[in-house]
Structures are given as C-alpha cells and as structure tokens.
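Enquirer: Got a structure here, written out as structure tokens. Questions coming.
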Amino acid sequence: MTEPTTTRELAPQYDPSAIEPSVYQRWLDAGVFAADRSSDKEPYVIVIPPPNVTAVLHMGQGLNNTLQDVMIRFERMRGREALWLPGTDHAGIATQNVVERQLKEEGKTRQDLGREAFVELVWDHVNRTGGTILDQLKAIGASCDWSRTRFTLDEDYSAAVKRVFVQLHEDGLVYRGHRVIHWCPRCLTSLSDEEAEHHDRDGRLWHIRYPLTDGSGYVIVATTRPETMFGDVCLVHHPDDEKHRALTGKTVRIPLTEVEIPIDVSRAVERGFGTGMLKVTPAHDANDFDIANDLDRDLERPVVIDEHAVMVDTDRVPVELRGLDRDVARKKLLERLKAEDLLEKEETHKHAVRQCYRCDTVLEPRLSHQWFVRMKPLAKPALQAYHDGKLRFVPERWGKVYEHWLSEIRDWNISRQIWWGHRIPAWYCQAEDCGKIVVSEDVPDQCECGGALVPDEDVLDTWFSSWLWPFATLGWPKDTEDLRRFYPGHTLVTGAEIIFFWVARMVMGGYYFLGDRPFDTVYLNGIVRDELHRKMSKSLQNGIDPLEIVERYGADALRYTMVAGAAAGTDIIMDREHLDTTFAAGRNFGNKLWNVARLTLANLDGTPPALDAIDDDQFELADRWILSRLQDATKTVTEHLDAFRLNEAAGAVYHFLWDELADWYVEQAKPRLHGKAPGGDVARATLMVALEGTLRLLHPFMPFISEELWSCLPAERETLLATTDWPVVNEGLVDVESEQRFELVKSLVSAIRTIRAEYGVKPGKEIGASVETASDTTRQAFDAELGTIKRLGKIDNLSFESPDDAVGAHAVLPDGTAVFIPLGDAIDIPAECDRLGSEMERLDKQIRAVTAKLANEKFTTRAPVDVVERERQKEQAWREQHDTLAAKRRSLGC
C-alpha cells in the first residue's frame, strides 16, 4: 500500500453551475489557450468563422463553435501548438438593419441622424453585443486564444482591406462598371449574385399584345413582369424562328404608350418559352442587358423603376402609374391592358424569384454603376487546389458544389450603398475636363490635375473583408511572426450555406496574396433548425440562446448533446418546448461520470499501485477485460476524431463509460472496493486507470466536468487535463481472449435478467440457473466470474448439470451455450399461464380482424398503399407476439 494522499470529496450531486466558471478561470490563469509563436511544436490552426455583431449567438453557432473546440482541444492534447483565433465580423448590411430598426421604433431614420452620427450609434451597438458574444463563447467552453481576438473593422484589419482593394485595382482585377445588378429596395443597396437568393414561386405569365406600328396587327409577348415593359428597347426572336421571321425589321408600340421599338433577332432567345418573342429591358434585367449589348444597334437604357421599387416619373410611364409601388402599378396596369384588349391571356407559371438574403425583400434588377472584382483569374488556383487534393471537404459531396461554382463563377459586385462598413478607398476628381478616379490606401490631397477630390460614398461588401480573415488576423500585410508561424492553417468549420460567400473566396484570397491555401480541410456542419425545420437565425428570431441551455443543464450537456447528434453535414431539429428531452442524454451522461468518479474516489485508500507493480495473476478476468476495452476505446475515439467523425467519437466514449465501465466493471468491482472480497488494491488501480483514460478521451467533448474530476484525483496530478497528453493505446493491455471471455459472462447475466423480467420474477427473489456448454473457455469464464454472475443475475446457484424435467425458461447465448432457469418456485405458474392465455386470446382477436381486413379486396385496392402496408406489418407483429407467448406457455407446461 502506498502512502495516503489527499483527494477532494465530491458533492453527492453534480452541479455544473458550481464548477464551470472556476474551471474556465483556471484555464485562463494558466494560459492554456495561448498559442506560443516561438514553440517548436507542429502548429494546428483554426480561425473562427467570426460571428456577426448583430446580436447574441444562437444555437447553430453554439454547435459550430463546439465542434471547433473539440478539434482544437484534441490537437492541443496531442502535443501540437494549437491556435484557435477568435473574433467578430462587422456584418455591414445586417448590423445596419438592426440599428435602423431600433431607430424606427423611435420614429427616426438614419438620414435624420446623418452619416457620422449614425455610424457612432452603430459602434455603440457593436461595443455592447461584441462583448456578449465573446462571453457566450467562453461560457460554452471555447478555448480560443483571446489575446488574439480580432474585429473586421479594427484599424490594422482595415489597412489590410485597403491594401487588397488597391492591389487588385492595380492588377486590373477591380474595376468600376455600369451593369445590371441585384438591388434591394428595403436595404437600398446592391447585392452580389450569392446574396440574391433564389426562391421558387407560383407566379403568373401574362401574354401582352404589342401593336405593330404599320397597323397590320400585333405581336404577343409573354412576361412575368409586365410593369417593366415601359423600359423595353426592342423585341427579339430567335433567328431560326420561322413563325416570327417576317416580323424582323418591323416596329411595334409599347402598349399604352407612343414609344416605338424595333423587332430584331437574338440567339439568346429560349424558343420554347412563352411565345418565342422576347421583350428586351436592358436597365431591369441582366440577360436583357447582355442581349442589348450584343445587338448592332444604338439602344438606350431607360430606367423605369427607381431604387425604392417605385415607377419613375418619365414620359415612358403612363401618368396614372408614376410614383406607384411596382406591385400596385402591376395591378393597375393589368386592369388597363384588359380594358383596352391588349392582354391576350394569363397562365400560372412557376419561376425563381431573387430575394435579399438579409430581409427577404424581392430584389429589383437595376442598371447601376458599381465596383466589381474579376473572379475567373482568382478562381483558377482555388479550383486547381481542389483537383490536386490540397483542399478537401467533409462531407466530400460539397467539394463538387465548390467545384461547380468556381467553374461557372461570375464577377463579384463588391460595392454597397450603406453607411456601416469599410469605405471604398476611391475618390472622384471634380474637374470638368478630368473625371479621373483615384484609388489609394491613403487619403489623397487632390487629383494630379489639381482638381478637388470627392470620396466614394459606398462601402465594401462585408465578404470583401471577411475573405481576408485567415491571414489579415495574423498581421498581413505586415510580415509578422504570427503570419510566418501560423499560416497556412488547417481546418475550417462552417456551414455549407456560405461555401460561395466565404469559403471559396478565402481560398482564392489565400492563393492570390500569399500563394497558399488558408486551410486544408473544410468541415461543413449541419444546420440547427426549429420544430418547423426553419434555420435558426437572428432574422427569424427563432434562435435558442446557448447561455439559456448552459444555465439549465450545463455547458457540457449542451456540448455533448450537440456533438453526439451532429454527423458532418447533418441538420439538427430542436424544439424549444422539449429542451428537457433534447438535453437529457448530455445531462445524464455527466451525472453518470460524476457518480463513477465519486465511487472511485470514495474507495481510495491512498494512491493505488501502478498496474506494472501488480503481479499478473492478481488481475481478475474483469480487470483484464476493462483495461483491454479501454485500449479499444482509445483507438476508436482517436480514429474517429482523425477522420472528423466527431459524433461517432462522442458515442464511443459514451459506450465505454456507460455500457462497460459503469454498468459492468464498477458493478463487478464493488465487493472488492468495499472490502467484501479480496483484491481491493487491484480493483482500485484498475478503476483509476480506466477513469483517467475516460477523462482524457472525454475532455474535448465535456471539458468542464472532466477537468474538475481530474483535479480531484490523487495529489500528484498537478497538470491541467487540458494540457495533458492524449492517451495512446498500450498494446501490453490489449487482451482479446479476456474480452471474449467476459463477453460470455455478460451475455449470461443479460439472459438471466431478461428471463426474470419477461416472466415477472420479483426483483429480490433469488433463483437458480443451469448452463450446458461444450466449451472449456466458456466454463472457465463462468467459473472465474461466478460471484459476479450470481450477484448481478440474483441467482443462488449456477449448475453445469443438464436440467431435469423442471418447468422453466430457456435461452441460448451467442456461443451456443444453453441456459435454463427453473421457475417452479419463483413465480405462480398457474397465474402466469392464465395471464399468457389471456394475452394470446386478445392477440387472436386482433389477428382475425386484421386478416379479414386484408382479405377484403375493396380495402386492399382502394386504401392508400402505405395504409395497407401498415396493416400487414401489424398482422406480422401480432403473429410473432402470439408465437412468443405460445412458446412461453409450453416452457411453463401450461
């Protein structure tokens, strides 16, 4: 026996709120999360997807950050210099919308305040929410290096954004263009293609008559947006269209106006759509803009709908429609067309409508001057990296989505007509004979011509700053130690919905500015959805605050439940009304671990001896079994984590702790631990090794409780679990034979317990059992653990003799061993026979009824297929139950 050492006595009940804050503070005080740039360890880097500073975190972000923390803690324990770099995103449109809604409640607009005052108000909001978000991350156990926290509007970060814009402009990849873009009438800004979300709608297709100016009739044009026809500049049909060939070169009048437009041809016309004649509205449709540019005509680009989605006051628009909202104008226009017999017909038509990704407003295609990035040159190395295997996706199917998008990429509209964000570093010369645009990182005094300069009013797309996140956070464009040490990174954990917005652009930016990919693995987590299967988001206000879950169940319960239920790319459904059910597994798992540790520590009498100090012949079968199972758990969990199967890794730890250590080994060892059987030191040593191994394996998933219990182990455990080595398989403890033998013991006890339950043997009643086996290995296993079998199976005798003609129940173990439990003295056999007989009669009635129903041809031919199938499944299940009850009656001699 070694000298006694002090261990802390655990509270009877596990209370997360009593330990989590102090445990986190211990990590902070010890600098556990701080990455050492001077270390010679192999680095492992994750940059956090910076949450928007629009409000507090929701459960989807709780899942995302928990997954990152599992990975970073795992690699930190494996001895790598782990950096998890945190920060927040200024989120231009989203944050501005939040503050504007707050102003609206006060009856004000941002224009009432002016730009400078409004931006100050947004900063106040950011300063409030930013700290809350970081506190939430800490509350769920995020082991970020807080000393490196970044914000996308930090001064240094802003300098990086300016450098990128200027460099791309100098390289000919940023340009100012006049094109049709996606415009949000609610946010009053342009959007990129990726921000203009497709939504399928059941709409209408109106067939409108355009009168020919020669009076010979009219041309019918089909459109989903009749209100845009006042911006038409021509009609076109396919050059191979025989139906309309004779009309080429003629002119028509736009209905309800005197505006004449020509008829021309274009191969862009989809011949099978509508009437085959297409109206070309270049200021309000991107495809029409391209068609108009391709035609050999000097066509104007009339704008008839303004930035508020209101009909413009212009001669092209009928007086009664001017100043009306587009939807109101459409209704009045259709009434007028019908009244003047210019509406041929209308029909239902399902089509895709673009909506704002932030406010869901239907977007307006609008001709506008904007800044763009040429994307094809940037996309080429990013696409090649995927083809060369330098970049992988988990799940792999998303790699094909990434590949397709990069292959079809279009130029990126990066200017936004809002006030919150990075101002575009461009100035316009006001001299009449100059018109030069000056692009510079620094504010220029004047144009080179001597003219005054006016700054661009727009800000950059939020994603234009976010795509620099993996390297701007490390100090780029400066050549910093952090940049040299921690770039490129390793793993990105994010949602599939921002592959286009963020992931692909970060890869492009990494290759263009640093010549290397920013990470090698993209892990795409699923989406947390509400009970209506809607994504949890701030805009829908259907999110669940992770802090609410932490307060009710503890951070570890939140973490374990989320990880265990989230295979890569799999969505999680969460109902606010059933949170107790949702988080019961994580909470109960924590309680089980606490109880195992409490029993272990309560039975320590000093520090248990080391395993290698114990003679082999002192280990019982159960000791060798659990130590071998621990090696298997270590191997399995490590392999799953290496392969990013985090949910399976969590499940493997659960299985070992609950199903093997707690349910079997602890129960087997209790007599030895309590001094009622010899071998107490061996049991304590074995249990301590198993508990230590469990805590190490569990730490990435449930760091708080594992760290607290680790600190309660004998006093030489002075290091924090968070910095302790990850366990490795001890081949000397792998014992396949002992595993197989103890599994036989488990199967026998389980069979006895099943029979007791099925036949209603009272819990305190001891019964007998006999087994028949031709295997010496099986007999030896049962002999070795006879006490365990008798105690856990609650039997007073285990016989290896063939049973006589006694009444009882039979079972067969997986290895073929026959088990017989005599029940004559254990239950009231006549009463049990009556009960079984009554059950069989009830089933007989149900079977007759369902059989008759299935024999009825009217039912089987008229009822839905799934209804008929359910009835067949009922019949099969009831017959199987009937056969089982009949077998039981036979075994009892009924």
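Each chain in the structure tokens gets a letter, A, B, ..., in the order shown, and its residues are numbered from 1; ligands are numbered from 1 in order too.
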Just the residues within 8 Å of A:Val45, please, counting only C-alpha atoms, with nothing from its chain fewer than 6 positions along; format it as a list in words.

Expert: Ile72, Ala82, Leu83, Trp84, Leu85, Phe486, Gly489, His490 and Thr491 of chain A

Enquirer: Write a file of the selected residues as a short mmCIF file (atom, residue, chain, number, x, y, z; two decimals), in the first residue's frame, keeping C-alpha atoms.

Expert:
data_model
loop_
_atom_site.label_atom_id
_atom_site.label_comp_id
_atom_site.auth_asym_id
_atom_site.auth_seq_id
_atom_site.Cartn_x
_atom_site.Cartn_y
_atom_site.Cartn_z
CA ILE A 72 -8.65 22.22 -31.08
CA ALA A 82 -2.88 24.82 -31.23
CA LEU A 83 -4.20 28.24 -32.18
CA TRP A 84 -7.91 28.90 -32.32
CA LEU A 85 -8.15 32.51 -33.39
CA PHE A 486 0.51 30.02 -38.23
CA GLY A 489 -3.96 27.00 -41.23
CA HIS A 490 -5.52 23.56 -41.13
CA THR A 491 -9.25 23.21 -40.52
#

Enquirer: Just want the 12 Å neighbourhood of stretch 241-251 of chain A, counted on only C-alpha atoms, with same-chain residues fewer than 5 positions away dropped. Output as a ChimeraX atom specification.

Expert: /A:210-221,233-236,258-267,269-272,275-278,297

Enquirer: Kindly export the residues of the current selection with N, CA and C atoms, as an mmCIF file, in the first residue's frame.

Expert:
data_model
loop_
_atom_site.group_PDB
_atom_site.id
_atom_site.type_symbol
_atom_site.label_atom_id
_atom_site.label_comp_id
_atom_site.auth_asym_id
_atom_site.auth_seq_id
_atom_site.Cartn_x
_atom_site.Cartn_y
_atom_site.Cartn_z
ATOM 1 N N TYR A 210 -48.449 43.655 -78.338
ATOM 2 C CA TYR A 210 -47.710 44.864 -78.740
ATOM 3 C C TYR A 210 -48.167 45.229 -80.165
ATOM 4 N N PRO A 211 -48.874 46.346 -80.352
ATOM 5 C CA PRO A 211 -49.383 46.707 -81.696
ATOM 6 C C PRO A 211 -48.238 47.010 -82.672
ATOM 7 N N LEU A 212 -48.332 46.473 -83.873
ATOM 8 C CA LEU A 212 -47.378 46.808 -84.931
ATOM 9 C C LEU A 212 -47.687 48.222 -85.417
ATOM 10 N N THR A 213 -46.661 49.001 -85.617
ATOM 11 C CA THR A 213 -46.871 50.421 -85.975
ATOM 12 C C THR A 213 -47.432 50.595 -87.384
ATOM 13 N N ASP A 214 -47.311 49.553 -88.225
ATOM 14 C CA ASP A 214 -47.863 49.660 -89.582
ATOM 15 C C ASP A 214 -49.345 49.326 -89.622
ATOM 16 N N GLY A 215 -49.921 49.020 -88.431
ATOM 17 C CA GLY A 215 -51.348 48.744 -88.347
ATOM 18 C C GLY A 215 -51.751 47.361 -88.782
ATOM 19 N N SER A 216 -50.781 46.493 -89.065
ATOM 20 C CA SER A 216 -51.106 45.169 -89.607
ATOM 21 C C SER A 216 -51.455 44.139 -88.534
ATOM 22 N N GLY A 217 -51.493 44.547 -87.303
ATOM 23 C CA GLY A 217 -51.824 43.589 -86.249
ATOM 24 C C GLY A 217 -50.992 43.827 -84.999
ATOM 25 N N TYR A 218 -50.653 42.766 -84.328
ATOM 26 C CA TYR A 218 -49.876 42.909 -83.088
ATOM 27 C C TYR A 218 -48.993 41.682 -82.891
ATOM 28 N N VAL A 219 -48.012 41.865 -82.027
ATOM 29 C CA VAL A 219 -47.107 40.772 -81.651
ATOM 30 C C VAL A 219 -47.378 40.443 -80.195
ATOM 31 N N ILE A 220 -47.461 39.153 -79.878
ATOM 32 C CA ILE A 220 -47.744 38.748 -78.493
ATOM 33 C C ILE A 220 -46.433 38.405 -77.792
ATOM 34 N N VAL A 221 -46.245 38.994 -76.633
ATOM 35 C CA VAL A 221 -45.037 38.786 -75.817
ATOM 36 C C VAL A 221 -45.469 38.298 -74.437
ATOM 37 N N VAL A 233 -36.644 48.234 -75.040
ATOM 38 C CA VAL A 233 -35.972 48.961 -76.128
ATOM 39 C C VAL A 233 -36.106 48.225 -77.457
ATOM 40 N N CYS A 234 -36.522 46.963 -77.428
ATOM 41 C CA CYS A 234 -36.778 46.210 -78.654
ATOM 42 C C CYS A 234 -37.424 44.887 -78.300
ATOM 43 N N LEU A 235 -37.924 44.198 -79.304
ATOM 44 C CA LEU A 235 -38.365 42.812 -79.167
ATOM 45 C C LEU A 235 -37.412 41.965 -79.996
ATOM 46 N N VAL A 236 -37.127 40.735 -79.532
ATOM 47 C CA VAL A 236 -36.256 39.850 -80.294
ATOM 48 C C VAL A 236 -36.847 38.448 -80.335
ATOM 49 N N GLU A 258 -46.773 55.777 -76.674
ATOM 50 C CA GLU A 258 -46.493 56.077 -78.076
ATOM 51 C C GLU A 258 -45.047 55.737 -78.423
ATOM 52 N N VAL A 259 -44.357 55.022 -77.534
ATOM 53 C CA VAL A 259 -42.952 54.685 -77.748
ATOM 54 C C VAL A 259 -42.845 53.543 -78.753
ATOM 55 N N GLU A 260 -42.078 53.758 -79.830
ATOM 56 C CA GLU A 260 -41.886 52.733 -80.853
ATOM 57 C C GLU A 260 -40.532 52.046 -80.648
ATOM 58 N N ILE A 261 -40.531 50.734 -80.781
ATOM 59 C CA ILE A 261 -39.293 49.956 -80.640
ATOM 60 C C ILE A 261 -39.192 48.927 -81.761
ATOM 61 N N PRO A 262 -37.977 48.571 -82.178
ATOM 62 C CA PRO A 262 -37.801 47.655 -83.323
ATOM 63 C C PRO A 262 -37.917 46.181 -82.920
ATOM 64 N N ILE A 263 -38.074 45.333 -83.930
ATOM 65 C CA ILE A 263 -38.028 43.879 -83.754
ATOM 66 C C ILE A 263 -36.743 43.381 -84.390
ATOM 67 N N ASP A 264 -35.995 42.570 -83.614
ATOM 68 C CA ASP A 264 -34.693 42.098 -84.080
ATOM 69 C C ASP A 264 -34.568 40.609 -83.752
ATOM 70 N N VAL A 265 -33.381 40.050 -83.955
ATOM 71 C CA VAL A 265 -33.160 38.625 -83.675
ATOM 72 C C VAL A 265 -32.003 38.464 -82.687
ATOM 73 N N SER A 266 -32.077 37.382 -81.910
ATOM 74 C CA SER A 266 -31.002 37.069 -80.955
ATOM 75 C C SER A 266 -31.028 35.576 -80.662
ATOM 76 N N ARG A 267 -29.844 34.962 -80.697
ATOM 77 C CA ARG A 267 -29.756 33.532 -80.374
ATOM 78 C C ARG A 267 -29.898 33.272 -78.865
ATOM 79 N N VAL A 269 -32.518 33.955 -77.265
ATOM 80 C CA VAL A 269 -33.936 33.698 -77.013
ATOM 81 C C VAL A 269 -34.162 32.201 -76.826
ATOM 82 N N GLU A 270 -34.883 31.856 -75.759
ATOM 83 C CA GLU A 270 -35.259 30.464 -75.497
ATOM 84 C C GLU A 270 -36.541 30.182 -76.275
ATOM 85 N N ARG A 271 -36.431 29.420 -77.338
ATOM 86 C CA ARG A 271 -37.543 29.274 -78.279
ATOM 87 C C ARG A 271 -38.761 28.592 -77.671
ATOM 88 N N GLY A 272 -38.542 27.770 -76.662
ATOM 89 C CA GLY A 272 -39.670 27.045 -76.092
ATOM 90 C C GLY A 272 -40.406 27.799 -75.003
ATOM 91 N N THR A 275 -44.051 32.887 -75.992
ATOM 92 C CA THR A 275 -44.486 32.930 -77.396
ATOM 93 C C THR A 275 -43.318 32.834 -78.366
ATOM 94 N N GLY A 276 -42.088 32.883 -77.831
ATOM 95 C CA GLY A 276 -40.923 32.889 -78.707
ATOM 96 C C GLY A 276 -40.441 34.283 -79.024
ATOM 97 N N MET A 277 -41.231 35.285 -78.632
ATOM 98 C CA MET A 277 -40.839 36.680 -78.811
ATOM 99 C C MET A 277 -40.498 37.243 -77.428
ATOM 100 N N LEU A 278 -39.329 37.842 -77.319
ATOM 101 C CA LEU A 278 -38.836 38.305 -76.024
ATOM 102 C C LEU A 278 -38.737 39.816 -75.990
ATOM 103 N N ARG A 297 -27.062 47.780 -82.587
ATOM 104 C CA ARG A 297 -27.968 48.920 -82.561
ATOM 105 C C ARG A 297 -27.530 49.879 -81.452
#

Enquirer: Could you pull out all residues of stretch 47-233 of chain A with a DSSP call of strand (DSSP E or B) and give them as an NGL selection string?

Expert: :A and (47 or 52 or 81-85 or 87-89 or 150-151 or 174-184 or 189-191 or 196-212 or 218-223)

Enquirer: Which residue is closest to A:Tyr428? Choose from A:Gln446, A:Ser368, A:Ser147, A:Gln25 and count only C-alpha atoms.

Expert: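 Checking each of A:Gln446, A:Ser368, A:Ser147, A:Gln25 against A:Tyr428, counting only C-alpha atoms, the winner is A:Gln446.
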
Enquirer: Using only C-alpha atoms, find the one residue out of A:Lys400, A:Arg756, A:His237, A:Lys853 that sits nearest to A:Gly808.

Expert: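 Nearest candidate to A:Gly808 out of A:Lys400, A:Arg756, A:His237, A:Lys853: A:Arg756.
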
Enquirer: From the list A:Ala597, A:Cys144, A:Asn603, A:His655, which residue is nearest A:Asp681 when using only C-alpha atoms?

Expert: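 Selected residue with least distance to A:Asp681: A:Asn603.
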
Enquirer: I'd like a table as JSON lines: residues in stretch 154-265 of chain A with an atom no more than 10 Å from stretch 499-510 of chain A, each row giving the shortest atom pair and its distance in Å to one decimal, only C-alpha atoms counted, sorted by chain and rising residue number.

Expert:
{"residue": "A:Val164", "atom": "CA", "partner": "A:Gly509", "partner_atom": "CA", "distance": 9.2}
{"residue": "A:Ser192", "atom": "CA", "partner": "A:Phe501", "partner_atom": "CA", "distance": 9.2}
{"residue": "A:Asp193", "atom": "CA", "partner": "A:Phe501", "partner_atom": "CA", "distance": 9.6}
{"residue": "A:Glu194", "atom": "CA", "partner": "A:Phe501", "partner_atom": "CA", "distance": 6.4}
{"residue": "A:Glu195", "atom": "CA", "partner": "A:Phe501", "partner_atom": "CA", "distance": 7.9}

Enquirer: Output C-alpha atoms for every residue in that selection, as an mmCIF file, in the first residue's frame.

Expert:
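Listing of again_25.cif after writing:
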data_model
loop_
_atom_site.group_PDB
_atom_site.id
_atom_site.type_symbol
_atom_site.label_atom_id
_atom_site.label_comp_id
_atom_site.auth_asym_id
_atom_site.auth_seq_id
_atom_site.Cartn_x
_atom_site.Cartn_y
_atom_site.Cartn_z
ATOM 1 C CA VAL A 164 -6.263 44.301 -51.117
ATOM 2 C CA SER A 192 -23.835 40.137 -55.165
ATOM 3 C CA ASP A 193 -25.198 37.144 -57.049
ATOM 4 C CA GLU A 194 -24.662 34.981 -53.949
ATOM 5 C CA GLU A 195 -26.598 37.390 -51.720
#

Enquirer: One decimal, Å: what's the distance from atom CA of A:Thr851 over to atom CA of A:Cys833, could you say?

Expert: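 Taking atom CA of A:Thr851 as the start and atom CA of A:Cys833 as the end point, the length is 26.2 Å.
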
Enquirer: Point out the residue among A:Trp420, A:Trp405, A:Trp412, A:Tyr386 with the least atom-to-atom distance to A:Gly177, counting only C-alpha atoms.

Expert: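 Looking at the shortest contact to A:Gly177, the residue is A:Trp412.
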
Enquirer: Excluding A:Tyr560 and its own-chain neighbours fewer than 6 positions away, which residues fall within 8 Å of it when counting only C-alpha atoms? Please give them as a PyMOL selection string.

Expert: chain A and resi 586+650+701-702

Enquirer: Which polymer residues have any atom within 10 Å of an atom of A:Leu611, counting only C-alpha atoms, with same-chain residues fewer than 3 positions away left out, as a list in words?

Expert: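 Listing them by chain and then by number gives Pro608, Ile614, Asp615, Asp616, Phe619, Val682, Ala685, Thr686, Met688, Val689 and Leu733 of chain A.
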
Enquirer: Go ahead and dump the residues you just picked, N, CA, C and O atoms, as a PDB file, in the first residue's frame.

Expert:
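After the write, part_32.pdb holds the following:
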ATOM      1  N   PRO A 608      -3.526   4.388  -5.499  1.00  0.00           N
ATOM      2  CA  PRO A 608      -3.482   2.969  -5.870  1.00  0.00           C
ATOM      3  C   PRO A 608      -2.132   2.625  -6.482  1.00  0.00           C
ATOM      4  O   PRO A 608      -1.460   3.474  -7.066  1.00  0.00           O
ATOM      5  N   ILE A 614       1.778  -4.690 -10.070  1.00  0.00           N
ATOM      6  CA  ILE A 614       0.864  -5.763  -9.639  1.00  0.00           C
ATOM      7  C   ILE A 614       1.182  -7.030 -10.423  1.00  0.00           C
ATOM      8  O   ILE A 614       1.343  -6.989 -11.655  1.00  0.00           O
ATOM      9  N   ASP A 615       1.281  -8.152  -9.739  1.00  0.00           N
ATOM     10  CA  ASP A 615       1.522  -9.429 -10.410  1.00  0.00           C
ATOM     11  C   ASP A 615       0.350  -9.773 -11.311  1.00  0.00           C
ATOM     12  O   ASP A 615      -0.820  -9.547 -10.957  1.00  0.00           O
ATOM     13  N   ASP A 616       0.649 -10.355 -12.468  1.00  0.00           N
ATOM     14  CA  ASP A 616      -0.394 -10.675 -13.442  1.00  0.00           C
ATOM     15  C   ASP A 616      -1.480 -11.572 -12.865  1.00  0.00           C
ATOM     16  O   ASP A 616      -2.663 -11.425 -13.196  1.00  0.00           O
ATOM     17  N   PHE A 619      -4.762 -10.078 -11.262  1.00  0.00           N
ATOM     18  CA  PHE A 619      -5.827  -9.446 -12.046  1.00  0.00           C
ATOM     19  C   PHE A 619      -6.941 -10.449 -12.311  1.00  0.00           C
ATOM     20  O   PHE A 619      -6.690 -11.577 -12.763  1.00  0.00           O
ATOM     21  N   VAL A 682      -6.097  -4.110  -6.462  1.00  0.00           N
ATOM     22  CA  VAL A 682      -6.117  -4.321  -7.908  1.00  0.00           C
ATOM     23  C   VAL A 682      -7.338  -3.633  -8.534  1.00  0.00           C
ATOM     24  O   VAL A 682      -7.236  -2.975  -9.576  1.00  0.00           O
ATOM     25  N   ALA A 685      -6.721   0.129  -8.494  1.00  0.00           N
ATOM     26  CA  ALA A 685      -5.734   0.513  -9.514  1.00  0.00           C
ATOM     27  C   ALA A 685      -6.353   0.451 -10.912  1.00  0.00           C
ATOM     28  O   ALA A 685      -6.161   1.349 -11.750  1.00  0.00           O
ATOM     29  N   THR A 686      -7.101  -0.607 -11.180  1.00  0.00           N
ATOM     30  CA  THR A 686      -7.735  -0.775 -12.483  1.00  0.00           C
ATOM     31  C   THR A 686      -8.779   0.304 -12.723  1.00  0.00           C
ATOM     32  O   THR A 686      -8.840   0.916 -13.809  1.00  0.00           O
ATOM     33  N   MET A 688      -8.932   3.228 -11.357  1.00  0.00           N
ATOM     34  CA  MET A 688      -8.288   4.526 -11.514  1.00  0.00           C
ATOM     35  C   MET A 688      -7.747   4.707 -12.934  1.00  0.00           C
ATOM     36  O   MET A 688      -7.914   5.765 -13.554  1.00  0.00           O
ATOM     37  N   VAL A 689      -7.126   3.672 -13.476  1.00  0.00           N
ATOM     38  CA  VAL A 689      -6.605   3.750 -14.842  1.00  0.00           C
ATOM     39  C   VAL A 689      -7.754   3.950 -15.832  1.00  0.00           C
ATOM     40  O   VAL A 689      -7.670   4.757 -16.771  1.00  0.00           O
ATOM     41  N   LEU A 733      -1.760  -4.034 -22.732  1.00  0.00           N
ATOM     42  CA  LEU A 733      -3.037  -4.226 -22.033  1.00  0.00           C
ATOM     43  C   LEU A 733      -4.130  -4.745 -22.968  1.00  0.00           C
ATOM     44  O   LEU A 733      -5.251  -4.997 -22.523  1.00  0.00           O
TER      45      LEU A 733
END
